[in-house]
Amino acid sequence: QVQVVESGGGLVQPGGSLRLSCAAAGLTSSYYAMAWFRQAPGKDREFVAGMNWSGGNTNYADSVKGRFTISRDNAENTVFLQMNSLKADDTAVYYCAATSARTGMVFAAAPYYNIWGQGTQVTVSS
């Protein structure tokens, strides 16, 4: 059974940085697309960043472009989200998602992903 577990959330001041990690276990192949989503209170879950199985292609929400960077270490089955210049609007529960897909495409729609973590809270506040 494939599982993903997020870590690295916490409280940070506006303008600060955090690095989220997503460790995957039970992968049956190397071909998994990975993504980060987030959900703020009272709002729908939204796409933040994604990466195809090889790491060659990435996609970002407009709201985080230039501030967030997604990366992966396939040897360790881990995906990272480096978040810089954090704003209060970035406050949310961040979820890691995965799906088996040998493609160069990066999908931003939540239904495309069938493996989800429990989420990690990120709070940006002074």
# chains A, B, ... in the order shown; residues from 1 in each chain; ligands from 1
>>> residues_around(residues="range 32-48 of chain A", least_positions_apart="6", cutoff="9 Å", atoms="only C-alpha atoms", output="NGL selection string")
:A and (54-55 or 59-64 or 68 or 70 or 72 or 79 or 81 or 89-103 or 105-110 or 113 or 119)
>>> closest_residue(among="A:Gly50, A:Lys65, A:Trp116, A:Leu86", to="Ala23 in chain A", atoms="only C-alpha atoms")
A:Trp116
>>> select_by_dssp(residues="range 2-123 of chain A", states="helix (DSSP H, G or I)", output="list in words")
Ala88, Asp89, Asp90, Ala110, Pro111 and Tyr112 of chain A
>>> write_last_selection(atoms="N, CA, C and O atoms", output="tab-separated table (two decimals), in the first residue's frame")
chain	number	residue	atom	x	y	z
A	88	ALA	N	0.70	35.86	4.89
A	88	ALA	CA	-0.42	35.37	5.70
A	88	ALA	C	-1.39	34.53	4.87
A	88	ALA	O	-1.96	33.56	5.37
A	89	ASP	N	-1.54	34.87	3.60
A	89	ASP	CA	-2.44	34.13	2.71
A	89	ASP	C	-1.96	32.71	2.44
A	89	ASP	O	-2.71	31.89	1.90
A	90	ASP	N	-0.72	32.41	2.78
A	90	ASP	CA	-0.21	31.04	2.59
A	90	ASP	C	-0.61	30.12	3.73
A	90	ASP	O	-0.34	28.92	3.68
A	110	ALA	N	-7.04	18.02	-8.42
A	110	ALA	CA	-6.98	17.08	-7.30
A	110	ALA	C	-7.47	15.67	-7.64
A	110	ALA	O	-6.87	14.70	-7.19
A	111	PRO	N	-8.55	15.51	-8.42
A	111	PRO	CA	-9.03	14.15	-8.72
A	111	PRO	C	-8.03	13.28	-9.46
A	111	PRO	O	-8.18	12.07	-9.49
A	112	TYR	N	-7.02	13.89	-10.05
A	112	TYR	CA	-6.01	13.12	-10.77
A	112	TYR	C	-5.16	12.31	-9.82
A	112	TYR	O	-4.58	11.30	-10.20
>>> closest_residue(among="A:Ser17, A:Asn114, A:Ser126, A:Ser29", to="Met83 in chain A", atoms="only C-alpha atoms")
A:Ser17
